[in-house]
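Okay, model_3.tsv now, which holds TSV, C-alpha atoms and all ligand atoms:
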```tsv
chain	number	residue	atom	x	y	z
A	7	MET	CA	147.06	-46.33	55.46
A	8	VAL	CA	144.76	-44.27	57.66
A	9	SER	CA	146.82	-41.26	58.67
A	10	GLN	CA	144.90	-39.92	61.68
A	11	THR	CA	142.87	-41.46	64.48
A	12	VAL	CA	139.30	-40.15	64.39
A	13	VAL	CA	137.12	-39.24	67.37
A	14	ALA	CA	133.58	-38.34	66.34
A	15	GLY	CA	130.62	-37.43	68.55
A	16	ASN	CA	126.99	-37.99	67.56
A	17	TRP	CA	124.68	-35.91	69.74
A	18	LYS	CA	121.52	-37.45	68.24
A	19	MET	CA	118.45	-35.35	69.22
A	20	ASN	CA	120.18	-33.73	72.20
A	21	LEU	CA	121.60	-30.27	72.98
A	22	GLY	CA	119.78	-27.36	71.33
A	23	PRO	CA	121.53	-24.13	70.31
A	24	VAL	CA	121.76	-22.80	73.89
A	25	GLU	CA	123.28	-26.03	75.25
A	26	ALA	CA	125.54	-26.31	72.20
A	27	ALA	CA	127.01	-22.88	72.93
A	28	LYS	CA	127.58	-23.96	76.56
A	29	PHE	CA	129.25	-27.20	75.40
A	30	ALA	CA	131.58	-25.14	73.18
A	31	ARG	CA	132.56	-22.93	76.11
A	32	GLU	CA	133.30	-25.93	78.30
A	33	LEU	CA	135.12	-28.16	75.79
A	34	LYS	CA	138.85	-28.25	76.57
A	35	LEU	CA	140.62	-30.43	74.03
A	36	PRO	CA	144.24	-31.45	74.59
A	37	ARG	CA	146.69	-29.11	72.90
A	38	GLY	CA	148.61	-30.64	70.03
A	39	SER	CA	146.24	-33.59	69.63
A	40	THR	CA	146.96	-35.43	66.40
A	41	SER	CA	143.45	-36.87	66.13
A	42	GLU	CA	140.75	-35.75	63.73
A	43	VAL	CA	137.83	-34.59	65.89
A	44	ILE	CA	134.31	-34.29	64.48
A	45	LEU	CA	131.01	-33.37	66.15
A	46	PHE	CA	127.55	-34.12	64.78
A	47	PRO	CA	125.11	-31.84	66.61
A	48	PRO	CA	121.44	-31.57	65.63
A	49	ALA	CA	121.32	-29.41	62.46
A	50	LEU	CA	119.62	-26.58	64.37
A	51	SER	CA	122.54	-26.40	66.83
A	52	LEU	CA	125.31	-26.41	64.25
A	53	ALA	CA	125.60	-22.60	63.89
A	54	ALA	CA	125.74	-22.05	67.66
A	55	LEU	CA	128.34	-24.79	68.09
A	56	LYS	CA	130.43	-23.46	65.21
A	57	GLU	CA	130.35	-19.93	66.57
A	58	GLY	CA	131.09	-21.07	70.12
A	59	LEU	CA	134.07	-23.20	69.07
A	60	GLY	CA	135.55	-20.43	66.93
A	61	PRO	CA	137.71	-20.78	63.83
A	62	ASP	CA	140.76	-22.43	65.46
A	63	SER	CA	139.18	-25.20	67.52
A	64	GLY	CA	140.38	-27.97	65.20
A	65	VAL	CA	136.92	-29.55	65.46
A	66	ALA	CA	135.13	-30.37	62.21
A	67	LEU	CA	131.34	-30.38	62.13
A	68	GLY	CA	128.80	-32.62	60.49
A	69	VAL	CA	125.07	-33.23	60.26
A	70	GLN	CA	123.34	-36.46	61.24
A	71	ASN	CA	121.28	-36.94	58.09
A	72	VAL	CA	120.46	-35.33	54.74
A	73	HIS	CA	118.02	-35.81	51.87
A	74	TRP	CA	119.56	-36.79	48.54
A	75	GLU	CA	117.81	-34.00	46.59
A	76	GLU	CA	119.33	-30.52	46.62
A	77	ALA	CA	116.05	-28.64	47.21
A	78	GLY	CA	112.33	-29.02	46.76
A	79	ALA	CA	109.07	-30.11	48.35
A	80	PHE	CA	110.52	-32.32	51.11
A	81	THR	CA	109.07	-30.88	54.30
A	82	GLY	CA	111.28	-31.42	57.32
A	83	GLU	CA	114.38	-32.43	55.39
A	84	ILE	CA	117.74	-30.71	54.88
A	85	SER	CA	119.99	-30.98	51.83
A	86	VAL	CA	123.73	-31.33	51.29
A	87	PRO	CA	124.18	-27.73	49.99
A	88	MET	CA	122.34	-26.44	53.09
A	89	ALA	CA	124.55	-28.48	55.40
A	90	MET	CA	127.60	-27.16	53.57
A	91	GLN	CA	126.44	-23.52	53.84
A	92	ALA	CA	125.93	-24.02	57.57
A	93	GLY	CA	129.55	-25.19	57.98
A	94	ALA	CA	129.27	-28.99	57.88
A	95	THR	CA	132.01	-30.97	56.20
A	96	PHE	CA	130.77	-34.45	57.24
A	97	VAL	CA	127.42	-36.25	57.08
A	98	LEU	CA	126.39	-39.36	59.02
A	99	VAL	CA	124.59	-41.72	56.67
A	100	GLY	CA	122.68	-44.85	57.59
A	101	HIS	CA	122.96	-44.55	61.37
A	102	SER	CA	121.14	-47.49	62.95
A	103	GLU	CA	118.46	-45.17	64.34
A	104	ARG	CA	117.78	-43.91	60.80
A	105	ARG	CA	117.64	-47.51	59.56
A	106	HIS	CA	115.65	-49.07	62.39
A	107	VAL	CA	113.50	-46.22	63.78
A	108	PHE	CA	112.83	-44.41	60.50
A	109	GLY	CA	112.94	-47.38	58.13
A	110	GLU	CA	115.82	-46.13	55.99
A	111	ALA	CA	116.73	-48.87	53.52
A	112	ASP	CA	120.03	-49.59	51.75
A	113	ASP	CA	118.93	-47.89	48.51
A	114	ALA	CA	118.19	-44.62	50.35
A	115	VAL	CA	121.56	-44.88	52.10
A	116	SER	CA	123.24	-45.33	48.73
A	117	GLN	CA	121.44	-42.28	47.24
A	118	LYS	CA	122.46	-40.20	50.24
A	119	VAL	CA	126.13	-41.21	50.01
A	120	GLU	CA	126.11	-40.35	46.32
A	121	ALA	CA	124.55	-36.92	47.05
A	122	VAL	CA	127.01	-36.21	49.88
A	123	LEU	CA	130.00	-37.05	47.67
A	124	SER	CA	128.60	-35.04	44.75
A	125	GLY	CA	128.17	-32.06	47.07
A	126	GLY	CA	131.78	-32.25	48.22
A	127	LEU	CA	131.17	-33.40	51.81
A	128	THR	CA	132.45	-36.58	53.45
A	129	PRO	CA	129.95	-39.33	54.31
A	130	VAL	CA	130.39	-41.41	57.46
A	131	LEU	CA	128.59	-44.61	56.52
A	132	CYS	CA	127.25	-46.51	59.54
A	133	VAL	CA	126.84	-50.28	59.33
A	134	GLY	CA	126.07	-52.89	61.97
A	135	GLU	CA	124.07	-55.97	62.81
A	136	THR	CA	121.15	-56.36	65.23
A	137	LEU	CA	121.32	-58.78	68.15
A	138	GLU	CA	119.12	-61.29	66.30
A	139	GLU	CA	121.42	-61.13	63.26
A	140	ARG	CA	124.42	-61.63	65.52
A	141	LYS	CA	122.82	-64.66	67.17
A	142	ARG	CA	122.16	-66.08	63.70
A	143	ASP	CA	125.86	-65.62	62.89
A	144	GLN	CA	125.07	-63.09	60.15
A	145	VAL	CA	127.47	-60.30	61.14
A	146	ALA	CA	129.60	-60.50	57.98
A	147	GLU	CA	126.59	-60.92	55.70
A	148	VAL	CA	124.77	-57.88	57.12
A	149	ILE	CA	127.68	-55.44	57.27
A	150	LEU	CA	128.90	-56.43	53.80
A	151	ARG	CA	125.39	-55.98	52.38
A	152	GLN	CA	125.21	-52.50	53.93
A	153	LEU	CA	128.70	-51.62	52.66
A	154	GLU	CA	128.04	-53.05	49.21
A	155	ALA	CA	124.94	-50.82	48.82
A	156	VAL	CA	127.45	-47.98	48.76
A	157	LEU	CA	130.42	-49.57	46.98
A	158	GLY	CA	128.27	-51.28	44.32
A	159	PRO	CA	127.34	-48.20	42.25
A	160	GLN	CA	130.10	-47.34	39.79
A	161	ASP	CA	129.44	-43.58	40.25
A	162	ILE	CA	130.32	-43.79	43.94
A	163	ARG	CA	133.39	-45.96	43.38
A	164	SER	CA	134.66	-43.56	40.71
A	165	LYS	CA	134.35	-40.60	43.05
A	166	LEU	CA	136.22	-42.43	45.81
A	167	VAL	CA	138.97	-43.58	43.49
A	168	ALA	CA	139.25	-39.98	42.21
A	169	GLY	CA	139.93	-38.72	45.73
A	170	SER	CA	136.61	-38.15	47.55
A	171	ARG	CA	136.75	-39.36	51.14
A	172	LEU	CA	134.55	-41.98	52.78
A	173	PHE	CA	134.54	-42.96	56.46
A	174	VAL	CA	132.87	-46.15	57.69
A	175	ALA	CA	131.59	-46.70	61.23
A	176	TYR	CA	130.96	-50.24	62.48
A	177	GLU	CA	128.21	-49.85	65.06
A	178	PRO	CA	126.61	-53.10	66.22
A	179	VAL	CA	122.98	-52.14	66.90
A	180	TRP	CA	122.92	-54.11	70.18
A	181	ALA	CA	125.78	-51.97	71.51
A	182	ILE	CA	124.27	-48.54	70.77
A	183	GLY	CA	123.04	-46.74	73.86
A	184	THR	CA	122.89	-50.00	75.83
A	185	GLY	CA	126.13	-49.99	77.80
A	186	GLU	CA	127.09	-53.20	75.98
A	187	THR	CA	130.29	-52.93	73.95
A	188	ALA	CA	131.84	-55.22	71.38
A	189	THR	CA	135.11	-56.66	72.62
A	190	PRO	CA	138.18	-55.21	70.92
A	191	ALA	CA	138.61	-58.60	69.21
A	192	ASP	CA	135.02	-58.54	67.89
A	193	ALA	CA	135.50	-55.00	66.62
A	194	SER	CA	138.80	-55.93	64.92
A	195	ARG	CA	137.19	-58.94	63.25
A	196	ALA	CA	134.30	-56.88	61.83
A	197	HIS	CA	136.64	-54.07	60.77
A	198	GLY	CA	138.89	-56.59	59.02
A	199	ILE	CA	135.93	-57.89	57.01
A	200	LEU	CA	135.02	-54.33	55.98
A	201	ARG	CA	138.65	-53.48	55.18
A	202	ASP	CA	139.01	-56.48	52.86
A	203	ARG	CA	135.92	-55.46	50.91
A	204	LEU	CA	137.05	-51.82	50.72
A	205	ARG	CA	140.39	-52.95	49.26
A	206	GLU	CA	138.73	-55.34	46.83
A	207	ARG	CA	136.33	-52.67	45.54
A	208	LEU	CA	138.54	-49.57	45.61
A	209	GLY	CA	142.05	-50.96	45.22
A	210	ASP	CA	144.63	-51.32	47.96
A	211	ASP	CA	145.67	-47.68	48.33
A	212	VAL	CA	142.19	-46.13	48.42
A	213	GLY	CA	140.68	-49.03	50.37
A	214	GLU	CA	143.34	-48.85	53.04
A	215	ALA	CA	142.92	-45.10	53.51
A	216	VAL	CA	139.22	-45.30	54.51
A	217	PRO	CA	139.00	-44.78	58.30
A	218	ILE	CA	136.86	-47.45	59.99
A	219	LEU	CA	135.48	-46.26	63.34
A	220	TYR	CA	133.94	-48.36	66.08
A	221	GLY	CA	130.74	-47.13	67.75
A	222	GLY	CA	128.56	-48.54	70.51
A	223	SER	CA	128.70	-47.41	74.14
A	224	VAL	CA	132.21	-45.99	73.86
A	225	LYS	CA	133.12	-44.21	77.10
A	226	PRO	CA	136.33	-42.81	78.61
A	227	ASP	CA	136.89	-46.09	80.46
A	228	ASN	CA	136.74	-48.37	77.40
A	229	ALA	CA	137.90	-46.05	74.60
A	230	GLY	CA	141.60	-46.78	75.10
A	231	GLU	CA	141.37	-50.54	74.58
A	232	LEU	CA	139.03	-50.17	71.59
A	233	LEU	CA	141.28	-47.57	69.97
A	234	ALA	CA	144.28	-49.86	70.46
A	235	ALA	CA	142.60	-52.78	68.66
A	236	PRO	CA	143.94	-53.70	65.22
A	237	GLU	CA	141.96	-52.16	62.34
A	238	VAL	CA	140.14	-49.71	64.64
A	239	ASN	CA	140.96	-46.26	63.28
A	240	GLY	CA	138.76	-44.25	65.59
A	241	VAL	CA	135.51	-44.13	67.53
A	242	LEU	CA	132.02	-42.77	66.99
A	243	VAL	CA	130.69	-41.77	70.39
A	244	GLY	CA	127.01	-41.16	71.20
A	245	GLY	CA	126.02	-40.61	74.84
A	246	ALA	CA	129.52	-39.83	76.12
A	247	SER	CA	129.93	-37.06	73.53
A	248	LEU	CA	127.24	-34.98	75.25
A	249	ASP	CA	129.53	-34.20	78.15
A	250	PRO	CA	132.49	-31.99	77.16
A	251	ALA	CA	134.78	-33.53	79.81
A	252	SER	CA	134.04	-37.14	78.76
A	253	PHE	CA	134.43	-36.31	75.09
A	254	ALA	CA	137.74	-34.51	75.72
A	255	GLU	CA	138.96	-37.50	77.77
A	256	ILE	CA	138.29	-39.80	74.82
A	257	VAL	CA	140.24	-37.43	72.56
A	258	VAL	CA	143.13	-37.55	75.07
A	259	GLN	CA	143.12	-41.36	74.87
A	260	SER	CA	143.19	-41.25	71.08
A	261	SER	CA	146.31	-39.10	70.83
B	301	LIG	C1	125.82	-43.61	68.28
B	301	LIG	O1	124.86	-42.90	68.45
B	301	LIG	O2	126.36	-43.67	67.15
B	301	LIG	C2	126.37	-44.36	69.42
B	301	LIG	C3	127.38	-45.16	69.22
B	301	LIG	O3	125.76	-44.16	70.64
B	301	LIG	P1	126.31	-44.63	72.11
B	301	LIG	O4	127.76	-44.28	72.18
B	301	LIG	O5	125.46	-43.86	73.07
B	301	LIG	O6	126.09	-46.10	72.17
```

Could I get this structure in the form of structure tokens?
Amino acid sequence: MVSQTVVAGNWKMNLGPVEAAKFARELKLPRGSTSEVILFPPALSLAALKEGLGPDSGVALGVQNVHWEEAGAFTGEISVPMAMQAGATFVLVGHSERRHVFGEADDAVSQKVEAVLSGGLTPVLCVGETLEERKRDQVAEVILRQLEAVLGPQDIRSKLVAGSRLFVAYEPVWAIGTGETATPADASRAHGILRDRLRERLGDDVGEAVPILYGGSVKPDNAGELLAAPEVNGVLVGGASLDPASFAEIVVQSS
């Protein structure tokens, strides 16, 4: 069983350190919320956001990408230990923009998940089909291939069975940043397919405890119905997470 609803915000390449500090000042989350709240600012803004939120905000922080090596000649990259030192506890892996804009393939996603788990952080694995794949009726095939790249390696499965956490986010590519949203029924269907595979690969207890979030144009006015859909354990919010009031409103609806 997934114990807490998750509301995560992916800022993408928006809000530098100055704007992140302003966001922290303006964010008013509902008191006593039972949801797990996570923000993924750009790595350069993480320190300012962390300082602005303070130690008791109840908001966990993550980075949007990492390299799988710990250090070395990889200009422009950041590593898991660096993210950890900066205060991140989560890492987005395989976001559709990483896959489709930067050409990140399943094997790189798998190496990153392995590195994140080895470093003691929690990966949020993003999976989702393009519009063309959807039209070809390949939703299950695509999302299971992307999930299997991570559940296939024995090393990763062993870590998960031994207690490391994994989150999965179903984000249909055609719904990201477009204003188009999957229907709650579509989201439930895709989440059910992912859940079955998680159970099969990790056993019932571990497989059932993996939160599966929906992402793709989630806004305050559609978050409630998506969060109420069977098998939807939370949301990953892009554009609407840039505004503290909209993000807080989604957290209210999740509680
Ligand atoms: C995302 O970036 O993961 C996302 C879902 O974006 P948006 O909510 O803007 O579609």

Q. Which residues, written as an NGL selection string, have at least one atom at most 9 Å from A:Leu33, with all atoms listed in the file counted and residues fewer than 3 positions away on the same chain left out?
A. :A and (28-30 or 59 or 249-251 or 253-254)

Residues as selected, C-alpha atoms, written as a PDB file, in the coordinates of the input, can you do that?
```pdb
ATOM      1  CA  LYS A  28     127.580 -23.960  76.560  1.00  0.00           C
ATOM      2  CA  PHE A  29     129.250 -27.200  75.400  1.00  0.00           C
ATOM      3  CA  ALA A  30     131.580 -25.140  73.180  1.00  0.00           C
ATOM      4  CA  LEU A  59     134.070 -23.200  69.070  1.00  0.00           C
ATOM      5  CA  ASP A 249     129.530 -34.200  78.150  1.00  0.00           C
ATOM      6  CA  PRO A 250     132.490 -31.990  77.160  1.00  0.00           C
ATOM      7  CA  ALA A 251     134.780 -33.530  79.810  1.00  0.00           C
ATOM      8  CA  PHE A 253     134.430 -36.310  75.090  1.00  0.00           C
ATOM      9  CA  ALA A 254     137.740 -34.510  75.720  1.00  0.00           C
TER      10      ALA A 254
END
```

**Q.** Nearby residues (only C-alpha atoms) at most 12 Å from A:Val216, same-chain spacing under 6 positions excluded, as number ranges by chain
**A.** A: 7-12, 128-131, 166-167, 169-175, 197, 200-205, 207-210, 237-240

**Q.** Cut-off 7 Å, only C-alpha atoms and all ligand atoms, neighbours of ligand LIG 301 (chain B) as a list of chain:residue names
**A.**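 Using only C-alpha atoms and all ligand atoms, everything at most 7 Å from ligand LIG 301 (chain B) comes to A:Asn16, A:Lys18, A:His101, A:Glu177, A:Ala181, A:Ile182, A:Gly183, A:Thr184, A:Gly185, A:Gly221, A:Gly222, A:Ser223, A:Val224, A:Leu242, A:Val243, A:Gly244, A:Gly245, A:Ala246.
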
Deliver the residues from the most recent selection as a file, using C-alpha atoms, as a PDB file, in the coordinates of the input.
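again-v7.pdb written:
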```pdb
ATOM      1  CA  ASN A  16     126.990 -37.990  67.560  1.00  0.00           C
ATOM      2  CA  LYS A  18     121.520 -37.450  68.240  1.00  0.00           C
ATOM      3  CA  HIS A 101     122.960 -44.550  61.370  1.00  0.00           C
ATOM      4  CA  GLU A 177     128.210 -49.850  65.060  1.00  0.00           C
ATOM      5  CA  ALA A 181     125.780 -51.970  71.510  1.00  0.00           C
ATOM      6  CA  ILE A 182     124.270 -48.540  70.770  1.00  0.00           C
ATOM      7  CA  GLY A 183     123.040 -46.740  73.860  1.00  0.00           C
ATOM      8  CA  THR A 184     122.890 -50.000  75.830  1.00  0.00           C
ATOM      9  CA  GLY A 185     126.130 -49.990  77.800  1.00  0.00           C
ATOM     10  CA  GLY A 221     130.740 -47.130  67.750  1.00  0.00           C
ATOM     11  CA  GLY A 222     128.560 -48.540  70.510  1.00  0.00           C
ATOM     12  CA  SER A 223     128.700 -47.410  74.140  1.00  0.00           C
ATOM     13  CA  VAL A 224     132.210 -45.990  73.860  1.00  0.00           C
ATOM     14  CA  LEU A 242     132.020 -42.770  66.990  1.00  0.00           C
ATOM     15  CA  VAL A 243     130.690 -41.770  70.390  1.00  0.00           C
ATOM     16  CA  GLY A 244     127.010 -41.160  71.200  1.00  0.00           C
ATOM     17  CA  GLY A 245     126.020 -40.610  74.840  1.00  0.00           C
ATOM     18  CA  ALA A 246     129.520 -39.830  76.120  1.00  0.00           C
TER      19      ALA A 246
END
```

Q. Just how far from atom CA of A:Ala229 is atom CA of A:Leu137, in Å to one decimal?
A.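 That distance, rounded to one decimal, is 21.9 Å.
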
Q | Between atom CA of A:Phe108 and atom CA of A:Trp74 - distance in Å to one decimal | A |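 A separation of 15.7 Å between them.
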
Q: Enumerate, as a PyMOL selection string, the protein, DNA and RNA residues whose atoms approach (130.4, -58.4, 52.4) to within 12 Å, taking into account only C-alpha atoms and the coordinate frame of the file.
A: chain A and resi 133-134+144-158+196-207

Q: Find, counting only C-alpha atoms, the residue in A:Ala14, A:Ala191, A:Val97, A:Ala111 that gets nearest to A:Ser247.
A: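 Looking only at the distances to A:Ser247, the closest residue turns out to be A:Ala14.
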
Q: Point out the residue among A:Ala89, A:Ala54, A:Ala215, A:Leu232 with the least atom-to-atom distance to A:Leu21, counting only C-alpha atoms.
A: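 Closest candidate: A:Ala54.
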
Q. Around (126.1, -26.8, 73.1) in the file's frame, which residues reach within 12 Å when counting all atoms listed in the file? Return as a PyMOL selection string?
A. chain A and resi 17+20-33+45-59+247-250

(Q) Excluding A:Pro190 and its own-chain neighbours fewer than 2 positions away, which residues fall within 8 Å of it when counting only C-alpha atoms? Please give them as a list in words. (A)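 Residues meeting the cut-off are Ala188, Asp192, Ala193, Ser194, Glu231, Leu232 and Ala235 of chain A.
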
Q) Using all atoms listed in the file, which of A:Ala234, A:Ala168, A:Val65, A:Val241 sits nearest A:Asp211? A)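 Ranked by minimum distance to A:Asp211, first place goes to A:Ala168.
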
Q: Could you please determine the separation between atom CA of A:Thr40 and atom CA of A:Ser252 in Å, to one decimal place?
A: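 Going from atom CA of A:Thr40 over to atom CA of A:Ser252, I get 18.0 Å.
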